[in-house]
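Raw run-v6.cif, mmCIF, C-alpha atoms:
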```
data_data
#
loop_
_atom_site.label_atom_id
_atom_site.label_comp_id
_atom_site.auth_asym_id
_atom_site.auth_seq_id
_atom_site.Cartn_x
_atom_site.Cartn_y
_atom_site.Cartn_z
CA MET A 1 -18.57 -38.28 -15.16
CA GLN A 2 -17.42 -34.82 -14.02
CA MET A 3 -19.91 -32.02 -14.47
CA GLU A 4 -18.73 -28.72 -15.92
CA LYS A 5 -18.89 -25.71 -13.67
CA THR A 6 -21.62 -23.24 -14.48
CA PHE A 7 -21.20 -19.48 -14.37
CA ILE A 8 -23.09 -19.41 -11.07
CA ASP A 9 -20.79 -22.08 -9.59
CA ASP A 10 -17.70 -20.15 -10.66
CA PHE A 11 -19.19 -16.92 -9.33
CA LYS A 12 -19.90 -18.51 -5.93
CA TYR A 13 -16.39 -19.96 -5.83
CA GLN A 14 -14.76 -16.60 -6.61
CA LEU A 15 -16.91 -14.84 -4.03
CA LYS A 16 -15.98 -17.39 -1.36
CA TYR A 17 -12.30 -17.99 -2.16
CA GLY A 18 -11.31 -15.02 -4.34
CA GLY A 19 -10.22 -12.91 -1.38
CA ASN A 20 -11.31 -9.52 -0.14
CA THR A 21 -10.49 -7.88 -3.47
CA ILE A 22 -13.25 -9.87 -5.17
CA LYS A 23 -15.64 -9.14 -2.29
CA LEU A 24 -15.01 -5.41 -2.57
CA ILE A 25 -15.49 -5.48 -6.34
CA PHE A 26 -18.72 -7.46 -5.90
CA LEU A 27 -20.02 -4.92 -3.37
CA ASN A 28 -19.19 -1.96 -5.62
CA VAL A 29 -20.77 -3.59 -8.68
CA THR A 30 -23.89 -4.59 -6.72
CA ILE A 31 -24.42 -1.02 -5.51
CA PHE A 32 -23.87 0.31 -9.04
CA LEU A 33 -26.48 -2.10 -10.42
CA LEU A 34 -28.93 -1.08 -7.70
CA ILE A 35 -28.42 2.60 -8.51
CA SER A 36 -28.72 1.96 -12.26
CA ILE A 37 -31.92 -0.11 -11.94
CA LEU A 38 -33.56 2.56 -9.78
CA GLU A 39 -32.54 5.25 -12.29
CA VAL A 40 -34.08 3.25 -15.14
CA PHE A 41 -37.27 2.77 -13.12
CA GLY A 42 -37.41 6.51 -12.46
CA ARG A 43 -37.04 7.37 -16.14
CA LEU A 44 -39.82 4.96 -17.08
CA MET A 45 -42.18 6.32 -14.43
CA GLY A 46 -41.93 9.91 -15.59
CA LEU A 47 -40.16 13.13 -14.71
CA ASP A 48 -41.55 13.51 -11.18
CA ALA A 49 -40.58 9.94 -10.22
CA GLN A 50 -37.19 10.36 -11.85
CA LEU A 51 -36.45 13.51 -9.87
CA GLU A 52 -37.59 11.92 -6.62
CA ILE A 53 -35.50 8.77 -7.14
CA ASN A 54 -32.43 10.79 -8.10
CA LYS A 55 -32.93 12.86 -4.95
CA ILE A 56 -33.07 9.71 -2.81
CA LEU A 57 -30.02 8.15 -4.49
CA SER A 58 -28.05 11.34 -4.02
CA ALA A 59 -29.05 11.52 -0.35
CA VAL A 60 -28.07 7.90 0.31
CA PHE A 61 -24.95 7.37 -1.80
CA THR A 62 -23.17 10.71 -2.22
CA LEU A 63 -21.14 13.02 -0.01
CA GLN A 64 -21.72 16.73 -0.60
CA THR A 65 -19.41 19.49 0.54
CA ASP A 66 -22.31 21.83 1.24
CA THR A 67 -22.48 22.28 5.03
CA SER A 68 -26.23 21.75 5.39
CA GLN A 69 -26.14 18.59 3.26
CA LEU A 70 -23.09 17.30 5.09
CA ILE A 71 -24.79 17.72 8.47
CA SER A 72 -28.12 16.25 7.37
CA HIS A 73 -26.58 13.31 5.45
CA PRO A 74 -23.32 12.42 7.30
CA TRP A 75 -23.51 8.75 6.27
CA GLY A 76 -22.41 9.81 2.79
CA ILE A 77 -18.84 9.88 4.13
CA PHE A 78 -19.09 6.07 4.24
CA THR A 79 -21.61 5.10 1.54
CA SER A 80 -20.02 7.26 -1.17
CA ILE A 81 -16.82 5.18 -1.20
CA PHE A 82 -18.78 2.18 -2.51
CA ALA A 83 -20.98 4.01 -5.02
CA HIS A 84 -20.59 4.87 -8.71
CA PHE A 85 -23.11 6.53 -10.99
CA SER A 86 -21.20 6.04 -14.25
CA PHE A 87 -20.27 2.72 -15.85
CA TRP A 88 -16.85 3.95 -16.98
CA HIS A 89 -16.10 5.41 -13.56
CA LEU A 90 -16.92 2.01 -12.06
CA ALA A 91 -15.01 0.07 -14.73
CA MET A 92 -11.78 2.06 -14.38
CA ASN A 93 -11.87 1.98 -10.57
CA MET A 94 -12.62 -1.74 -10.40
CA LEU A 95 -9.85 -2.54 -12.88
CA PHE A 96 -7.36 -0.61 -10.74
CA LEU A 97 -8.78 -2.19 -7.58
CA TYR A 98 -8.43 -5.71 -9.00
CA PHE A 99 -4.73 -5.44 -9.84
CA SER A 100 -3.85 -3.35 -6.77
CA GLY A 101 -5.94 -5.48 -4.43
CA LYS A 102 -4.55 -8.81 -5.60
CA MET A 103 -1.01 -7.56 -5.13
CA PHE A 104 -1.94 -6.04 -1.75
CA GLU A 105 -3.31 -9.40 -0.56
CA SER A 106 -0.08 -11.15 -1.55
CA ILE A 107 1.98 -8.68 0.50
CA PHE A 108 -0.12 -7.94 3.58
CA ASP A 109 -2.35 -9.79 5.98
CA LYS A 110 -5.74 -10.17 4.27
CA SER A 111 -7.58 -8.53 7.14
CA ARG A 112 -5.89 -5.21 6.30
CA MET A 113 -7.69 -4.85 2.98
CA TRP A 114 -11.05 -3.72 4.38
CA GLY A 115 -9.47 -1.40 6.92
CA THR A 116 -7.24 0.28 4.34
CA TYR A 117 -10.11 0.62 1.87
CA ILE A 118 -12.56 2.11 4.38
CA ILE A 119 -10.18 4.39 6.31
CA GLY A 120 -8.51 5.51 3.07
CA GLY A 121 -11.86 6.30 1.44
CA ILE A 122 -13.26 8.17 4.43
CA THR A 123 -10.05 10.18 4.89
CA GLY A 124 -9.99 11.02 1.18
CA SER A 125 -13.57 12.28 1.36
CA LEU A 126 -12.76 14.42 4.40
CA PHE A 127 -9.72 15.88 2.60
CA GLU A 128 -12.00 16.95 -0.24
CA VAL A 129 -14.56 18.47 2.12
CA ILE A 130 -11.93 20.37 4.11
CA ALA A 131 -10.32 21.67 0.91
CA HIS A 132 -13.64 23.30 -0.04
CA TYR A 133 -13.50 25.31 3.18
CA ILE A 134 -9.79 26.22 3.06
CA PHE A 135 -8.98 27.25 -0.51
CA PRO A 136 -10.63 30.39 -1.92
CA VAL A 137 -11.09 28.98 -5.42
CA MET A 138 -13.19 26.15 -3.98
CA GLN A 139 -15.10 28.07 -1.33
CA GLY A 140 -18.81 28.50 -1.95
CA LYS A 141 -18.82 25.77 -4.60
CA SER A 142 -20.80 22.69 -3.60
CA ALA A 143 -19.31 19.48 -4.93
CA VAL A 144 -20.61 15.92 -4.96
CA ILE A 145 -18.06 13.27 -3.96
CA VAL A 146 -18.61 9.68 -5.04
CA GLY A 147 -16.50 6.67 -5.94
CA ALA A 148 -13.79 4.35 -4.64
CA SER A 149 -10.77 6.28 -5.95
CA GLY A 150 -9.55 7.47 -2.54
CA SER A 151 -9.84 3.96 -1.13
CA ILE A 152 -7.96 2.42 -4.04
CA MET A 153 -5.19 5.02 -3.82
CA ALA A 154 -4.78 4.11 -0.14
CA ILE A 155 -4.35 0.44 -1.09
CA PHE A 156 -1.87 1.23 -3.86
CA ALA A 157 0.11 3.73 -1.78
CA ALA A 158 0.39 1.24 1.10
CA MET A 159 2.09 -1.23 -1.23
CA ALA A 160 4.30 1.39 -2.87
CA PHE A 161 5.64 2.79 0.41
CA HIS A 162 6.02 -0.63 2.03
CA ARG A 163 7.71 -2.30 -0.95
CA PRO A 164 9.06 0.64 -3.03
CA ARG A 165 11.51 -1.44 -5.08
CA LEU A 166 8.97 -4.09 -6.02
CA LYS A 167 8.52 -3.91 -9.78
CA VAL A 168 5.39 -4.28 -11.88
CA GLN A 169 5.24 -4.88 -15.61
CA LEU A 170 3.74 -1.74 -17.14
CA PHE A 171 1.71 -2.73 -20.20
CA GLY A 172 3.19 -6.19 -19.65
CA ILE A 173 6.52 -4.98 -21.02
CA PHE A 174 8.28 -2.32 -18.94
CA PRO A 175 9.39 -3.15 -15.37
CA VAL A 176 8.61 -0.13 -13.19
CA PRO A 177 9.20 0.18 -9.41
CA LEU A 178 5.95 0.62 -7.48
CA ILE A 179 7.18 3.82 -5.85
CA ALA A 180 7.82 5.40 -9.28
CA LEU A 181 4.30 4.56 -10.41
CA ALA A 182 2.89 5.93 -7.15
CA GLY A 183 4.94 9.09 -7.62
CA PHE A 184 3.46 9.56 -11.09
CA PHE A 185 -0.10 9.25 -9.76
CA ILE A 186 0.59 11.62 -6.86
CA LEU A 187 2.23 14.22 -9.10
CA THR A 188 -0.68 14.01 -11.56
CA ASP A 189 -3.17 14.74 -8.77
CA VAL A 190 -1.07 17.56 -7.27
CA LEU A 191 -0.69 19.31 -10.63
CA ALA A 192 -4.45 19.01 -11.26
CA LEU A 193 -5.50 20.64 -7.96
CA GLY A 194 -7.80 23.60 -8.55
CA LEU A 195 -8.92 22.42 -11.98
CA ASN A 196 -12.63 22.05 -12.61
CA ASP A 197 -12.24 18.62 -14.21
CA GLY A 198 -14.82 16.70 -12.17
CA THR A 199 -12.18 14.68 -10.32
CA ALA A 200 -11.77 14.72 -6.54
CA HIS A 201 -7.98 15.08 -6.50
CA PHE A 202 -7.87 15.92 -2.80
CA ALA A 203 -9.71 12.65 -2.11
CA HIS A 204 -6.98 10.78 -4.01
CA LEU A 205 -4.27 12.52 -1.99
CA GLY A 206 -6.12 11.78 1.26
CA GLY A 207 -6.07 8.11 0.32
CA VAL A 208 -2.33 8.33 -0.38
CA VAL A 209 -1.73 9.80 3.08
CA ILE A 210 -3.54 6.89 4.73
CA GLY A 211 -1.61 4.43 2.57
CA MET A 212 1.67 5.94 3.76
CA VAL A 213 0.61 6.08 7.41
CA SER A 214 -0.85 2.57 7.41
CA VAL A 215 2.52 0.90 6.81
CA GLN A 216 4.30 2.75 9.62
CA ASN A 217 4.83 0.56 12.69
CA LEU A 218 2.99 -2.11 10.72
CA TYR A 219 2.42 -4.57 13.57
CA GLY A 220 2.22 -2.10 16.42
CA LYS A 221 -0.91 -1.49 18.45
CA ARG A 222 -0.93 2.15 17.37
CA ASN A 223 -0.99 1.38 13.67
CA ILE A 224 -4.09 3.04 12.25
CA ILE A 225 -5.35 -0.09 10.46
CA SER A 226 -4.66 -2.27 13.49
CA ILE A 227 -6.68 0.14 15.64
CA PHE A 228 -9.55 -0.03 13.16
CA SER A 229 -9.38 -3.84 12.92
CA ASN A 230 -9.30 -4.25 16.68
CA PHE A 231 -12.30 -1.92 17.00
CA VAL A 232 -14.27 -3.95 14.45
CA ASN A 233 -13.24 -7.22 16.12
CA ARG A 234 -14.42 -5.95 19.49
CA ILE A 235 -17.79 -4.99 18.03
CA ASN A 236 -18.13 -8.40 16.38
CA GLN A 237 -17.17 -10.13 19.62
CA PHE A 238 -19.70 -8.02 21.54
CA LEU A 239 -22.44 -8.92 19.05
CA ARG A 240 -21.49 -12.60 19.23
CA ASN A 241 -21.64 -12.48 23.02
CA ILE A 242 -25.09 -10.92 22.91
CA ASN A 243 -26.25 -13.55 20.45
CA SER A 244 -24.78 -16.43 22.45
CA SER A 245 -26.31 -15.14 25.69
CA ASN A 246 -29.76 -15.95 24.29
CA SER A 247 -28.99 -19.62 24.72
CA LYS A 248 -27.37 -21.22 27.78
CA LEU A 249 -26.09 -24.00 25.59
CA LYS A 250 -24.26 -21.53 23.37
CA VAL A 251 -22.81 -19.75 26.36
CA LYS A 252 -21.42 -22.98 27.79
CA LYS A 253 -20.01 -23.97 24.44
CA GLY A 254 -18.36 -20.58 24.04
CA TRP A 255 -16.56 -20.85 27.38
CA ALA A 256 -15.58 -24.45 26.72
CA THR A 257 -13.76 -23.53 23.52
CA ARG A 258 -12.38 -20.18 24.67
CA GLY A 259 -9.11 -21.61 25.88
CA LYS A 260 -8.54 -23.31 22.56
CA ASP A 261 -9.41 -20.45 20.21
CA PHE A 262 -8.53 -17.33 22.19
CA LYS A 263 -5.23 -15.57 21.44
CA THR A 264 -3.65 -12.59 23.11
CA ASP A 265 -2.82 -9.50 21.04
CA GLU A 266 0.88 -10.33 21.38
CA GLU A 267 0.42 -13.88 20.10
CA TYR A 268 -1.73 -12.69 17.22
CA ASN A 269 0.71 -9.93 16.22
CA ASN A 270 3.68 -12.31 16.39
CA GLU A 271 1.91 -14.76 14.10
CA LYS A 272 1.13 -11.95 11.66
CA LYS A 273 4.74 -10.74 11.71
CA ASN A 274 6.16 -14.22 11.09
CA ARG A 275 3.72 -14.79 8.25
CA GLN A 276 4.52 -11.39 6.73
CA ASP A 277 8.28 -11.99 6.98
CA LYS A 278 7.88 -15.24 5.07
CA ILE A 279 5.78 -13.52 2.40
CA ASP A 280 8.41 -10.76 2.05
CA LEU A 281 11.19 -13.33 1.53
CA ILE A 282 9.16 -15.09 -1.17
CA LEU A 283 8.35 -11.81 -2.93
CA ASP A 284 12.01 -10.82 -2.86
CA LYS A 285 12.86 -14.13 -4.46
CA ILE A 286 10.22 -13.56 -7.16
CA SER A 287 11.56 -10.05 -7.81
CA LYS A 288 15.13 -11.34 -8.23
CA SER A 289 14.65 -14.72 -9.92
CA GLY A 290 11.03 -14.93 -11.07
CA TYR A 291 8.07 -16.99 -9.94
CA ASP A 292 9.44 -20.25 -11.40
CA SER A 293 12.35 -20.12 -8.95
CA LEU A 294 10.03 -20.84 -6.03
CA THR A 295 9.86 -24.28 -4.48
CA LYS A 296 6.58 -26.19 -4.35
CA THR A 297 6.29 -25.40 -0.66
CA GLU A 298 6.77 -21.66 -1.28
CA LYS A 299 4.23 -21.66 -4.12
CA ALA A 300 1.72 -23.51 -1.96
CA PHE A 301 2.24 -21.08 0.92
CA LEU A 302 1.79 -18.05 -1.36
CA PHE A 303 -1.34 -19.58 -2.86
CA ASP A 304 -2.82 -20.25 0.56
CA GLN A 305 -2.17 -16.66 1.63
CA SER A 306 -3.81 -15.30 -1.53
CA LYS A 307 -7.04 -17.25 -1.05
CA ASN A 308 -7.52 -16.76 2.67
CA GLY A 309 -9.63 -13.63 3.07
#
```

Would you mind giving the structure from this file in structure tokens?
Amino acid sequence: MQMEKTFIDDFKYQLKYGGNTIKLIFLNVTIFLLISILEVFGRLMGLDAQLEINKILSAVFTLQTDTSQLISHPWGIFTSIFAHFSFWHLAMNMLFLYFSGKMFESIFDKSRMWGTYIIGGITGSLFEVIAHYIFPVMQGKSAVIVGASGSIMAIFAAMAFHRPRLKVQLFGIFPVPLIALAGFFILTDVLALGLNDGTAHFAHLGGVVIGMVSVQNLYGKRNIISIFSNFVNRINQFLRNINSSNSKLKVKKGWATRGKDFKTDEEYNNEKKNRQDKIDLILDKISKSGYDSLTKTEKAFLFDQSKNG
């Protein structure tokens, strides 16, 4: 007798096999819940506790354009791109991230998702900070920057500028090229610059810039996301080496398997390029003839690429 999957089982499965999009959404939601629970606790404990907790949350999870705050809390450049203080802000961003991220993972190597998200978010935040020092209307006005919008715009822009003719079904009805949709979002942000509407439009545009840059020389060593990924991989390898050095047995095992698992940058990049070329051919076929025109082998390949994070 087959047992039905519980919610927890399905949640674990999605977290493990749902790809980096699901992992990013999970991280954003987890941080939102942490912030919300602490805010509730502060309200229940009284005004003094509420003010203190809000002060701590702001110090940890927000980026402020005020120079003194920026210098004393520089980590906000990173933490703010995963934090939301409003449910609707979170909901709208995660909805956009889900659809953009799933499409991104079907087009690019899965390892690019984290790099594009992080570099896009950080660059977007820096664009917003710099704008407050350049433009007179924004000078002297301290702003609080928070949310994943810049990161998500980087992900969306990367797709739009890499596959501009790829069409999406707007409202499930109207086929619209990705580049046209990206153009609409960019124009909306440009026309809203200088408005006091509570939206970090410069952060969105900073994300767009990274999205555009990230697909230039896609498999080259100087590609901004490749540089970031290689940097992270080197750190991980360094930490693994430190960990393995604590045990002679682990050290010996590591050297014994090195020849089998180790790949040069050229081999790795060639594999990525071949895999990407195959994905592009399949996506072109879907765009022209629909998903049902794919062979079983092509469907299986696309499915494998979508679940490998």

What would the selection look like, as a PyMOL selection string, if the PyMOL selection byres ((chain A and resi 157) around 12) were run on the coordinates I just shared? chain A and resi 100-101+103-104+116-117+120+149-156+158-164+178-186+204-215

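The nearest approach to Trp114 (chain A) among the residues A:Ile56, A:Val168, A:Ile81, A:Leu281, with all atoms listed in the file taken into account, belongs to A:Ile81.
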
CA of Asn274 (chain A) sits from CA of Ile22 (chain A) at a separation of 25.7 Å

Find the spatial neighbours of Ala143 (chain A), counting all atoms listed in the file, within a cut-off of 12 Å - ignore same-chain residues fewer than 4 positions away - and output them as a PyMOL selection string. chain A and resi 58+62-67+69-70+125+128-133+138-139+196-200

Let me see the file: selected residues, C-alpha atoms, as a PDB file, keeping the file's coordinate frame.
```pdb
ATOM      1  CA  SER A  58     -28.050  11.340  -4.020  1.00  0.00           C
ATOM      2  CA  THR A  62     -23.170  10.710  -2.220  1.00  0.00           C
ATOM      3  CA  LEU A  63     -21.140  13.020  -0.010  1.00  0.00           C
ATOM      4  CA  GLN A  64     -21.720  16.730  -0.600  1.00  0.00           C
ATOM      5  CA  THR A  65     -19.410  19.490   0.540  1.00  0.00           C
ATOM      6  CA  ASP A  66     -22.310  21.830   1.240  1.00  0.00           C
ATOM      7  CA  THR A  67     -22.480  22.280   5.030  1.00  0.00           C
ATOM      8  CA  GLN A  69     -26.140  18.590   3.260  1.00  0.00           C
ATOM      9  CA  LEU A  70     -23.090  17.300   5.090  1.00  0.00           C
ATOM     10  CA  SER A 125     -13.570  12.280   1.360  1.00  0.00           C
ATOM     11  CA  GLU A 128     -12.000  16.950  -0.240  1.00  0.00           C
ATOM     12  CA  VAL A 129     -14.560  18.470   2.120  1.00  0.00           C
ATOM     13  CA  ILE A 130     -11.930  20.370   4.110  1.00  0.00           C
ATOM     14  CA  ALA A 131     -10.320  21.670   0.910  1.00  0.00           C
ATOM     15  CA  HIS A 132     -13.640  23.300  -0.040  1.00  0.00           C
ATOM     16  CA  TYR A 133     -13.500  25.310   3.180  1.00  0.00           C
ATOM     17  CA  MET A 138     -13.190  26.150  -3.980  1.00  0.00           C
ATOM     18  CA  GLN A 139     -15.100  28.070  -1.330  1.00  0.00           C
ATOM     19  CA  ASN A 196     -12.630  22.050 -12.610  1.00  0.00           C
ATOM     20  CA  ASP A 197     -12.240  18.620 -14.210  1.00  0.00           C
ATOM     21  CA  GLY A 198     -14.820  16.700 -12.170  1.00  0.00           C
ATOM     22  CA  THR A 199     -12.180  14.680 -10.320  1.00  0.00           C
ATOM     23  CA  ALA A 200     -11.770  14.720  -6.540  1.00  0.00           C
TER      24      ALA A 200
END
```

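The coordinates place CA of Leu24 (chain A) at 24.4 Å from CA of Phe171 (chain A).
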
List the residues selected by the PyMOL selection byres ((chain A and resi 87) around 12) in the file shown, writing them as number ranges by chain. A: 28-29, 31-33, 35-36, 83-86, 88-94, 147

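Atom pair CA of Asn233 (chain A) / CA of Lys221 (chain A) has a distance of 13.8 Å (rounded to one decimal).
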
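Taking all atoms listed in the file into account, Asn20 (chain A) lies nearest to A:Leu97 out of the set A:Leu97, A:Val40, A:Val176, A:Ile71.
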
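You can rank A:Gly194, A:Ile53, A:Ile282, A:Leu34 by their closest distance to Lys296 (chain A) using all atoms listed in the file, and at the top of that list sits A:Ile282.
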
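Counting all atoms listed in the file, the residue from A:Phe61, A:Ile119, A:Ser80, A:Leu38 that sits nearest to Phe228 (chain A) is A:Ile119.
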